[in-house]
Amino acid sequence: MNDPLIPSDLLKKSDKILFIAHLALGDYTYLQNCFQAFARAYPHLKLHLWVDEVRRTSDASQWPHLKKNVLYDWLDACEFIDKTYKQNYSPELFEASIKEAREEHYPIVVSLGTLRPHFYANLARRISPDGFVVGLKKPMGLSELPHYFTYRKLDAALDPDVADRSSAPHISDVHADWFRRLANVDIPPRERIPFVHIPERFIEGAKTRLQEWGFDKRQGKLVFINPFAKTRKRCWPVERVAELITTMRAQPEWRDACFIVNAVPQEVERVKTMLVERQLDRTELFSANENFFQLPAMLAQCDLIVSVETAVMHLANAVGVPVVALMRQKTPEWAPVDKANSTVITAHQRRDWVKAIPVQDVMHALA
């Protein structure tokens with residue numbers, strides 16, 4: 001093995017390490033495997049994680065929403081992460097968190113911030129003035145010249161692109177390559193499949209919800225459909241969801257199926273209206289509005305998941321349920337990694353949004 005970016009003797013003698021990252025659910029779905037592998041390779045190191053809020057704002061009306069990031073539910077249940085910094089959604093809390101982190105005197109800080117990597121290089125050094133600091137940095141081009149002196153604060157720089165660019169790597173391959181170069185942590189492909197440990201109370205809660213809806217898997221298959229993502233480019237119209245349900249019900253193998261339509265909180269009323277107008281029987285609205293684990297617990301009960309490119313698509317692999325993923329052509333590295341349980345449908349043109357995918361393409365994949 002090559003020498004790691006973080007000196008081996010420093011890894012051996014240190015008692016803790018801080019990773020800095022801006023994380024959505026999809027990011028953590030794959031990085032979780034890397035953090036777990038790192039914790040196994042260096043069990044003497046306490047692993048701390050700074051989850052930066054890229055939507056940080058002085059607008060107090062947005063704080064309750066930012067504070068209730070469902071990712072924190074997942075992180076709080078993670079056994080190999082000893083501490084998480086998650087109170088930095090306002091400028092004041094950001095500075096308070098930096099002060100708290102500085103008091104830890106971290107011997108090693110690693111920034112995995114892909115957006116504005118120069119900002120996170122500076123943040124890492126602010127947190128650890130005297131420690132060993134690593135950050136992401138692409139080879140210096142003209143656009144990076146203004147940040148030259150910021151990057152000089154790093155003790156080591158990690159090129160975020162994999163060394164072998166001959167093939168199109170999956171995001172899990174990219175993350176695994178980072179940890180190999182950082183600390184000689186080997187994560188073979190079979191250990192890059194997402195996982196989630198769902199507390200039993202949420203599994204029982206999902207089963208109870210299905211009973212309340214009158215859904216019985218012994219009578220018909222259970223299908224989960226998620227048309228929503230954070231950006232409009234990755235969303236599928238709710239009218240298309242209704243069309244898919246109607247079209248599937250016309251096929252013998254789906255005639256007795258029950259359907260669950262997932263909605264983010266701000267879209268709940270619109271989906272409710274659609275379900276009433278279309279008079280879709282054996283179809284219910286679902287939203288994990290209390291705890292993150294409500295979502296994977298419900299996904300685990302299903303026979304099929306149809307989802308746009310967002311966390312639901314990746315969590316389908318984590319719970320081992322077959323998924324039909326609706327994607328743009330521009331993000332192949334974010335396709336579901338478990339190919340045996342995944343069917344990917346992409347929009348026909350590279351410029352197309354997910355909404356350009358017709359129901360017939362989904363039906364063709366199901367056939």
# chains A, B, ... in the order shown; residues from 1 in each chain; ligands from 1

$ select_by_dssp --residues "stretch 13-240 of chain A" --states "alpha helix (DSSP H)" --output "JSON, numbers by chain"
{"A": [13, 25, 26, 27, 28, 29, 30, 31, 32, 33, 34, 35, 36, 37, 38, 39, 40, 41, 63, 64, 65, 66, 67, 71, 72, 73, 74, 75, 76, 91, 92, 93, 94, 95, 96, 97, 98, 99, 100, 101, 102, 117, 118, 119, 120, 121, 122, 123, 124, 125, 126, 127, 148, 149, 150, 151, 171, 172, 173, 174, 175, 176, 177, 178, 179, 180, 181, 182, 183, 200, 201, 202, 203, 204, 205, 206, 207, 208, 209, 210, 211, 212, 213, 238, 239, 240]}

$ atom_distance --atom1 "atom CA of A:Ser307" --atom2 "atom CA of A:Ala206"
19.0 Å

$ residues_around --residues "A:Arg350" --least-positions-apart "2" --cutoff "10 Å" --atoms "only C-alpha atoms" --output "number ranges by chain"
A: 328-331, 346-348, 352-353

$ write_last_selection --atoms "C-alpha atoms" --output "tab-separated table (two decimals), in the first residue's frame"
chain	number	residue	atom	x	y	z
A	328	ARG	CA	-31.61	12.17	-15.69
A	329	GLN	CA	-28.66	11.26	-17.89
A	330	LYS	CA	-26.38	13.78	-16.17
A	331	THR	CA	-25.85	11.92	-12.88
A	346	THR	CA	-33.17	7.59	-17.77
A	347	ALA	CA	-34.75	10.48	-19.64
A	348	HIS	CA	-34.21	10.10	-23.38
A	352	ASP	CA	-34.23	16.34	-20.21
A	353	TRP	CA	-35.54	16.53	-16.66

$ atom_distance --atom1 "atom CA of A:Ala263" --atom2 "atom CA of A:Lys217"
22.0 Å

$ residues_around --residues "A:Asp173" --least-positions-apart "6" --cutoff "10 Å" --atoms "only C-alpha atoms" --output "list in words"
Tyr30, Val162, Ile187, Pro188, Pro189, Arg192, Glu333 and Val337 of chain A

$ write_last_selection --atoms "C-alpha atoms" --output "CSV table (one decimal), in the first residue's frame"
chain,number,residue,atom,x,y,z
A,30,TYR,CA,-22.9,5.9,1.0
A,162,VAL,CA,-10.7,9.1,-8.5
A,187,ILE,CA,-13.7,-1.0,1.3
A,188,PRO,CA,-14.4,-3.8,-1.3
A,189,PRO,CA,-17.4,-3.4,-3.6
A,192,ARG,CA,-20.3,-0.4,-0.4
A,333,GLU,CA,-22.6,8.2,-10.6
A,337,VAL,CA,-25.4,0.7,-6.6

$ atom_distance --atom1 "atom CA of A:Asp52" --atom2 "atom CA of A:Val174"
20.5 Å

$ residues_around --residues "A:Tyr106" --least-positions-apart "6" --cutoff "12 Å" --atoms "only C-alpha atoms" --output "PyMOL selection string"
chain A and resi 10-11+14-19+45-49+98+100+124-133

$ closest_residue --among "A:Arg218, A:Arg232, A:Arg351, A:Lys137" --to "A:Gly113" --atoms "only C-alpha atoms"
A:Lys137

$ select_by_dssp --residues "stretch 10-245 of chain A" --states "strand (DSSP E or B)" --output "PyMOL selection string"
chain A and resi 16-21+46-51+83-85+108-111+132-136+156-158+222-226

$ closest_residue --among "A:Ala24, A:Ala316, A:Leu244, A:Ala121" --to "A:Asp361" --atoms "only C-alpha atoms"
A:Leu244

$ closest_residue --among "A:Gln251, A:Arg270, A:Ala257, A:Phe224" --to "A:Val323" --atoms "only C-alpha atoms"
A:Phe224

$ closest_residue --among "A:Arg180, A:Leu136, A:Gln87, A:Phe119" --to "A:Thr150" --atoms "only C-alpha atoms"
A:Phe119

$ closest_residue --among "A:Arg56, A:Arg255, A:His175, A:Lys230" --to "A:Thr310" --atoms "only C-alpha atoms"
A:Lys230

$ closest_residue --among "A:Ile108, A:Thr343, A:Pro169, A:Phe293" --to "A:Leu182" --atoms "only C-alpha atoms"
A:Ile108

$ residues_around --residues "stretch 294-300 of chain A" --least-positions-apart "5" --cutoff "7 Å" --atoms "only C-alpha atoms" --output "list in words"
Ile198, Phe202, Ile203, Ala206, Ala288, Leu315, Ala316, Val319 and Val321 of chain A

$ residues_around --residues "A:Gln32" --least-positions-apart "5" --cutoff "9 Å" --atoms "only C-alpha atoms" --output "list in words"
Asp27, Ala37, Pro194 and Phe195 of chain A
